[in-house]
file structure-v4.txt (compact mmCIF, C-alpha atoms)
# COMPACT_ATOMS: atom_id res chain seq x y z
CA MET A 1 51.23 -35.70 40.10
CA GLN A 2 53.56 -37.33 42.58
CA ILE A 3 54.67 -40.97 42.49
CA GLY A 4 53.11 -41.52 45.92
CA ASP A 5 49.74 -40.65 44.35
CA ILE A 6 49.90 -43.53 41.87
CA LEU A 7 52.20 -46.19 43.37
CA ASP A 8 51.08 -48.13 46.44
CA ARG A 9 53.59 -50.17 48.45
CA GLY A 10 51.54 -53.30 47.67
CA ALA A 11 52.05 -52.75 43.94
CA ILE A 12 55.81 -53.30 44.16
CA ALA A 13 57.54 -56.66 43.69
CA LEU A 14 61.25 -57.32 44.07
CA ARG A 15 63.22 -60.41 43.08
CA VAL A 16 60.86 -61.24 40.23
CA SER A 17 61.97 -64.15 38.10
CA ALA A 18 61.23 -63.82 34.39
CA THR A 19 62.96 -64.95 31.22
CA ASP A 20 61.21 -62.78 28.66
CA LYS A 21 59.11 -59.66 28.15
CA ARG A 22 55.84 -61.62 28.07
CA GLN A 23 56.52 -63.04 31.55
CA ILE A 24 57.26 -59.54 32.86
CA LEU A 25 53.99 -58.25 31.44
CA ALA A 26 52.17 -61.20 33.02
CA HIS A 27 53.73 -60.40 36.43
CA LEU A 28 52.67 -56.77 36.05
CA ALA A 29 49.14 -57.84 35.13
CA GLU A 30 48.84 -60.18 38.13
CA LEU A 31 50.11 -57.53 40.54
CA ALA A 32 47.73 -54.94 39.07
CA ALA A 33 44.82 -57.39 39.29
CA ARG A 34 45.50 -58.12 42.97
CA ASN A 35 45.95 -54.47 43.93
CA PHE A 36 43.36 -52.69 41.81
CA GLY A 37 40.57 -55.24 41.39
CA LEU A 38 41.19 -55.71 37.67
CA GLU A 39 41.13 -58.81 35.47
CA ALA A 40 44.72 -59.93 34.95
CA SER A 41 43.96 -61.11 31.41
CA ALA A 42 42.58 -57.69 30.43
CA VAL A 43 45.65 -55.93 31.82
CA LEU A 44 47.99 -58.37 30.08
CA ASP A 45 46.17 -57.92 26.77
CA ALA A 46 46.32 -54.12 27.03
CA LEU A 47 50.03 -54.09 27.96
CA SER A 48 50.85 -56.61 25.22
CA ASP A 49 48.94 -54.61 22.61
CA ARG A 50 50.85 -51.48 23.58
CA GLU A 51 54.19 -53.31 23.39
CA GLN A 52 53.35 -54.55 19.89
CA ALA A 53 52.93 -50.92 18.82
CA GLY A 54 56.50 -50.23 19.98
CA SER A 55 58.75 -51.21 22.85
CA THR A 56 58.49 -49.24 26.07
CA GLY A 57 62.12 -49.97 26.98
CA ILE A 58 63.61 -46.52 27.56
CA GLY A 59 67.21 -47.62 28.13
CA HIS A 60 69.64 -48.01 31.02
CA GLY A 61 67.84 -51.16 32.16
CA VAL A 62 64.46 -49.42 32.48
CA ALA A 63 61.10 -50.09 30.85
CA VAL A 64 57.87 -48.15 31.32
CA PRO A 65 55.05 -50.29 29.92
CA HIS A 66 51.71 -48.51 29.92
CA ALA A 67 48.14 -48.99 28.84
CA ARG A 68 44.65 -47.65 29.21
CA ILE A 69 42.47 -49.99 31.25
CA GLU A 70 38.72 -50.05 31.79
CA GLY A 71 37.79 -50.18 35.46
CA LEU A 72 40.34 -47.72 36.80
CA ASP A 73 39.24 -44.44 38.33
CA ARG A 74 42.74 -42.90 38.25
CA ILE A 75 46.27 -43.56 37.04
CA ARG A 76 47.96 -46.37 38.94
CA GLY A 77 51.51 -47.68 38.96
CA VAL A 78 53.09 -51.10 39.36
CA PHE A 79 56.82 -51.60 39.87
CA LEU A 80 58.89 -54.76 39.35
CA ARG A 81 62.56 -55.37 39.86
CA VAL A 82 63.61 -58.40 37.87
CA GLU A 83 66.36 -60.69 39.24
CA GLN A 84 68.03 -61.13 35.85
CA PRO A 85 67.61 -58.37 33.25
CA VAL A 86 65.38 -59.36 30.33
CA ALA A 87 65.55 -58.29 26.69
CA PHE A 88 62.95 -55.55 26.24
CA GLU A 89 63.85 -54.19 22.81
CA SER A 90 65.05 -51.04 24.56
CA ILE A 91 66.32 -48.08 22.59
CA ASP A 92 69.89 -48.81 23.80
CA ASP A 93 69.55 -52.61 23.27
CA GLN A 94 70.23 -53.17 26.99
CA PRO A 95 68.04 -55.65 28.89
CA ALA A 96 65.66 -54.23 31.50
CA ASP A 97 65.50 -55.02 35.21
CA LEU A 98 63.56 -51.98 36.50
CA ILE A 99 59.99 -51.99 35.23
CA PHE A 100 57.53 -49.23 36.13
CA ALA A 101 54.13 -49.84 34.54
CA LEU A 102 51.52 -47.12 34.31
CA LEU A 103 47.85 -48.01 33.96
CA ALA A 104 45.36 -45.28 33.17
CA PRO A 105 41.62 -45.05 32.76
CA PRO A 106 40.60 -44.66 29.11
CA GLU A 107 39.63 -41.02 29.63
CA ALA A 108 42.94 -39.99 31.30
CA GLY A 109 44.12 -38.05 28.22
CA THR A 110 47.04 -35.71 28.86
CA GLU A 111 47.24 -36.74 32.51
CA HIS A 112 48.47 -40.15 31.29
CA LEU A 113 51.13 -38.49 29.12
CA ARG A 114 52.27 -36.27 31.99
CA ALA A 115 52.61 -39.31 34.25
CA LEU A 116 54.66 -41.14 31.60
CA ALA A 117 56.94 -38.13 31.19
CA ARG A 118 57.37 -37.80 34.95
CA VAL A 119 58.28 -41.46 35.46
CA SER A 120 60.61 -41.54 32.44
CA ARG A 121 62.39 -38.35 33.52
CA MET A 122 62.77 -39.63 37.09
CA LEU A 123 64.22 -42.98 35.98
CA ARG A 124 66.87 -41.28 33.84
CA ASN A 125 68.67 -40.48 37.11
CA ALA A 126 71.59 -42.94 37.31
CA ASP A 127 71.93 -42.61 41.10
CA LEU A 128 68.25 -43.38 41.61
CA ARG A 129 68.46 -46.44 39.34
CA GLU A 130 71.39 -47.75 41.35
CA HIS A 131 69.56 -47.19 44.66
CA LEU A 132 66.47 -48.94 43.25
CA ARG A 133 68.61 -51.92 42.27
CA GLN A 134 69.99 -52.13 45.81
CA ALA A 135 66.79 -51.54 47.80
CA ARG A 136 66.01 -54.58 49.93
CA THR A 137 62.29 -54.10 50.56
CA PRO A 138 59.24 -52.76 48.73
CA ASP A 139 58.97 -50.06 51.43
CA ALA A 140 62.54 -48.91 50.77
CA LEU A 141 61.96 -48.86 47.03
CA HIS A 142 58.68 -46.97 47.47
CA ALA A 143 60.41 -44.40 49.69
CA LEU A 144 63.12 -43.84 47.06
CA LEU A 145 60.57 -43.26 44.31
CA VAL A 146 58.35 -41.00 46.42
CA GLN A 147 61.33 -38.96 47.63
CA GLU A 148 62.67 -38.57 44.09
CA SER A 149 59.31 -37.32 42.80
CA ALA A 150 58.76 -34.85 45.64
CA PRO A 151 58.44 -31.20 44.51
CA SER A 152 61.87 -30.28 45.92
CA ALA A 153 63.44 -33.08 43.82
CA ALA A 154 61.67 -32.03 40.60
call {"tool": "encode", "arguments": {"input": "structure-v4.txt", "output": "structure tokens"}}
result
Amino acid sequence: MQIGDILDRGAIALRVSATDKRQILAHLAELAARNFGLEASAVLDALSDREQAGSTGIGHGVAVPHARIEGLDRIRGVFLRVEQPVAFESIDDQPADLIFALLAPPEAGTEHLRALARVSRMLRNADLREHLRQARTPDALHALLVQESAPSAA
């Protein structure tokens, strides 16, 4: 699984304004609804339920919210870069500004877990995080993520 297989350029938003985790989840849900033909409220409910089970803030300003969603035929990604980092109950207590959400069909099983591991491992790279924070366009951000997940970068 490569990032280019799950993250479309249209599912990336930069300069997102949010003051709390709930607003970030709502932005993710709206972007997913527009790009994947889903109901925003269903996506928001699924992401919120997952967050209540435990924060998906993985540290270093990164969060990887995820949920299983009816109506998807494959794993899909949504990426937000938040203007001002938001408290996300991350493991290092640092607010998050890079948010990569993974949405999977209910039957995804281990494929969903592999995608989560791949994204989390990729976003541990400090240089990549810095480049993502400086990217000026969704295309530039997409290119960084796709390049980082390419087999030679693995």
call {"tool": "residues_around", "arguments": {"input": "structure-v4.txt", "residues": "Glu111 of chain A", "least_positions_apart": "5", "cutoff": "12 Å", "atoms": "all atoms listed in the file", "output": "JSON, numbers by chain"}}
result
{"A": [1, 2, 6, 68, 74, 75, 76, 102, 103, 104, 105, 106, 116, 117, 118]}
call {"tool": "write_last_selection", "arguments": {"input": "structure-v4.txt", "atoms": "C-alpha atoms", "output": "mmCIF file, in the coordinates of the input"}}
result
data_model
loop_
_atom_site.group_PDB
_atom_site.id
_atom_site.type_symbol
_atom_site.label_atom_id
_atom_site.label_comp_id
_atom_site.auth_asym_id
_atom_site.auth_seq_id
_atom_site.Cartn_x
_atom_site.Cartn_y
_atom_site.Cartn_z
ATOM 1 C CA MET A 1 51.230 -35.700 40.100
ATOM 2 C CA GLN A 2 53.560 -37.330 42.580
ATOM 3 C CA ILE A 6 49.900 -43.530 41.870
ATOM 4 C CA ARG A 68 44.650 -47.650 29.210
ATOM 5 C CA ARG A 74 42.740 -42.900 38.250
ATOM 6 C CA ILE A 75 46.270 -43.560 37.040
ATOM 7 C CA ARG A 76 47.960 -46.370 38.940
ATOM 8 C CA LEU A 102 51.520 -47.120 34.310
ATOM 9 C CA LEU A 103 47.850 -48.010 33.960
ATOM 10 C CA ALA A 104 45.360 -45.280 33.170
ATOM 11 C CA PRO A 105 41.620 -45.050 32.760
ATOM 12 C CA PRO A 106 40.600 -44.660 29.110
ATOM 13 C CA LEU A 116 54.660 -41.140 31.600
ATOM 14 C CA ALA A 117 56.940 -38.130 31.190
ATOM 15 C CA ARG A 118 57.370 -37.800 34.950
#
call {"tool": "atom_distance", "arguments": {"input": "structure-v4.txt", "atom1": "atom CA of Val119 of chain A", "atom2": "atom CA of Thr56 of chain A"}}
result
12.2 Å
call {"tool": "closest_residue", "arguments": {"input": "structure-v4.txt", "among": "A:Met122, A:Ala18, A:Ala42, A:Val78", "to": "Ala96 of chain A", "atoms": "all atoms listed in the file"}}
result
A:Ala18
call {"tool": "closest_residue", "arguments": {"input": "structure-v4.txt", "among": "A:Leu47, A:Val64, A:Leu80, A:Arg136", "to": "His27 of chain A", "atoms": "all atoms listed in the file"}}
result
A:Leu80
call {"tool": "closest_residue", "arguments": {"input": "structure-v4.txt", "among": "A:Arg81, A:Lys21, A:Arg124, A:His60", "to": "Pro138 of chain A", "atoms": "only C-alpha atoms"}}
result
A:Arg81
call {"tool": "closest_residue", "arguments": {"input": "structure-v4.txt", "among": "A:Ala63, A:Ile58, A:Ile12, A:Ile69", "to": "Glu39 of chain A", "atoms": "all atoms listed in the file"}}
result
A:Ile69
call {"tool": "residues_around", "arguments": {"input": "structure-v4.txt", "residues": "segment 44-46 of chain A", "least_positions_apart": "5", "cutoff": "8 Å", "atoms": "all atoms listed in the file", "output": "PyMOL selection string"}}
result
chain A and resi 25-26+28-29+67-69
call {"tool": "closest_residue", "arguments": {"input": "structure-v4.txt", "among": "A:Val16, A:Val62, A:Ala115, A:Glu107", "to": "Leu128 of chain A", "atoms": "all atoms listed in the file"}}
result
A:Val62
call {"tool": "build_atoms", "arguments": {"input": "structure-v4.txt", "residues": "segment 26-43 of chain A", "atoms": "N, CA, C and O atoms", "output": "mmCIF file, in the coordinates of the input"}}
result
data_model
loop_
_atom_site.group_PDB
_atom_site.id
_atom_site.type_symbol
_atom_site.label_atom_id
_atom_site.label_comp_id
_atom_site.auth_asym_id
_atom_site.auth_seq_id
_atom_site.Cartn_x
_atom_site.Cartn_y
_atom_site.Cartn_z
ATOM 1 N N ALA A 26 53.098 -60.360 32.258
ATOM 2 C CA ALA A 26 52.170 -61.200 33.020
ATOM 3 C C ALA A 26 52.301 -60.926 34.522
ATOM 4 O O ALA A 26 51.288 -60.845 35.237
ATOM 5 N N HIS A 27 53.529 -60.747 35.018
ATOM 6 C CA HIS A 27 53.730 -60.400 36.430
ATOM 7 C C HIS A 27 53.087 -59.046 36.745
ATOM 8 O O HIS A 27 52.428 -58.893 37.775
ATOM 9 N N LEU A 28 53.283 -58.089 35.858
ATOM 10 C CA LEU A 28 52.670 -56.770 36.050
ATOM 11 C C LEU A 28 51.145 -56.891 36.110
ATOM 12 O O LEU A 28 50.497 -56.282 36.974
ATOM 13 N N ALA A 29 50.590 -57.671 35.193
ATOM 14 C CA ALA A 29 49.140 -57.840 35.130
ATOM 15 C C ALA A 29 48.594 -58.490 36.404
ATOM 16 O O ALA A 29 47.558 -58.066 36.939
ATOM 17 N N GLU A 30 49.278 -59.501 36.901
ATOM 18 C CA GLU A 30 48.840 -60.180 38.130
ATOM 19 C C GLU A 30 48.899 -59.232 39.325
ATOM 20 O O GLU A 30 47.982 -59.199 40.150
ATOM 21 N N LEU A 31 49.965 -58.474 39.426
ATOM 22 C CA LEU A 31 50.110 -57.530 40.540
ATOM 23 C C LEU A 31 49.044 -56.440 40.459
ATOM 24 O O LEU A 31 48.445 -56.064 41.472
ATOM 25 N N ALA A 32 48.772 -55.956 39.260
ATOM 26 C CA ALA A 32 47.730 -54.940 39.070
ATOM 27 C C ALA A 32 46.360 -55.523 39.424
ATOM 28 O O ALA A 32 45.539 -54.865 40.076
ATOM 29 N N ALA A 33 46.108 -56.752 39.004
ATOM 30 C CA ALA A 33 44.820 -57.390 39.290
ATOM 31 C C ALA A 33 44.602 -57.509 40.796
ATOM 32 O O ALA A 33 43.517 -57.178 41.301
ATOM 33 N N ARG A 34 45.616 -57.955 41.506
ATOM 34 C CA ARG A 34 45.500 -58.120 42.970
ATOM 35 C C ARG A 34 45.299 -56.782 43.675
ATOM 36 O O ARG A 34 44.556 -56.702 44.643
ATOM 37 N N ASN A 35 45.974 -55.749 43.219
ATOM 38 C CA ASN A 35 45.950 -54.470 43.930
ATOM 39 C C ASN A 35 44.814 -53.545 43.532
ATOM 40 O O ASN A 35 44.393 -52.716 44.331
ATOM 41 N N PHE A 36 44.332 -53.672 42.298
ATOM 42 C CA PHE A 36 43.360 -52.690 41.810
ATOM 43 C C PHE A 36 42.026 -53.302 41.412
ATOM 44 O O PHE A 36 41.185 -52.629 40.830
ATOM 45 N N GLY A 37 41.836 -54.597 41.691
ATOM 46 C CA GLY A 37 40.570 -55.240 41.390
ATOM 47 C C GLY A 37 40.284 -55.368 39.905
ATOM 48 O O GLY A 37 39.138 -55.285 39.477
ATOM 49 N N LEU A 38 41.326 -55.577 39.121
ATOM 50 C CA LEU A 38 41.190 -55.710 37.670
ATOM 51 C C LEU A 38 41.302 -57.174 37.265
ATOM 52 O O LEU A 38 41.761 -58.014 38.044
ATOM 53 N N GLU A 39 40.926 -57.467 36.037
ATOM 54 C CA GLU A 39 41.130 -58.810 35.470
ATOM 55 C C GLU A 39 42.552 -58.869 34.918
ATOM 56 O O GLU A 39 42.914 -58.067 34.045
ATOM 57 N N ALA A 40 43.335 -59.811 35.394
ATOM 58 C CA ALA A 40 44.720 -59.930 34.950
ATOM 59 C C ALA A 40 44.809 -60.096 33.436
ATOM 60 O O ALA A 40 45.688 -59.514 32.790
ATOM 61 N N SER A 41 43.898 -60.872 32.861
ATOM 62 C CA SER A 41 43.960 -61.110 31.410
ATOM 63 C C SER A 41 43.718 -59.820 30.632
ATOM 64 O O SER A 41 44.353 -59.595 29.596
ATOM 65 N N ALA A 42 42.837 -58.960 31.113
ATOM 66 C CA ALA A 42 42.580 -57.690 30.430
ATOM 67 C C ALA A 42 43.792 -56.768 30.509
ATOM 68 O O ALA A 42 44.148 -56.098 29.531
ATOM 69 N N VAL A 43 44.445 -56.755 31.663
ATOM 70 C CA VAL A 43 45.650 -55.930 31.820
ATOM 71 C C VAL A 43 46.759 -56.455 30.927
ATOM 72 O O VAL A 43 47.424 -55.683 30.226
#
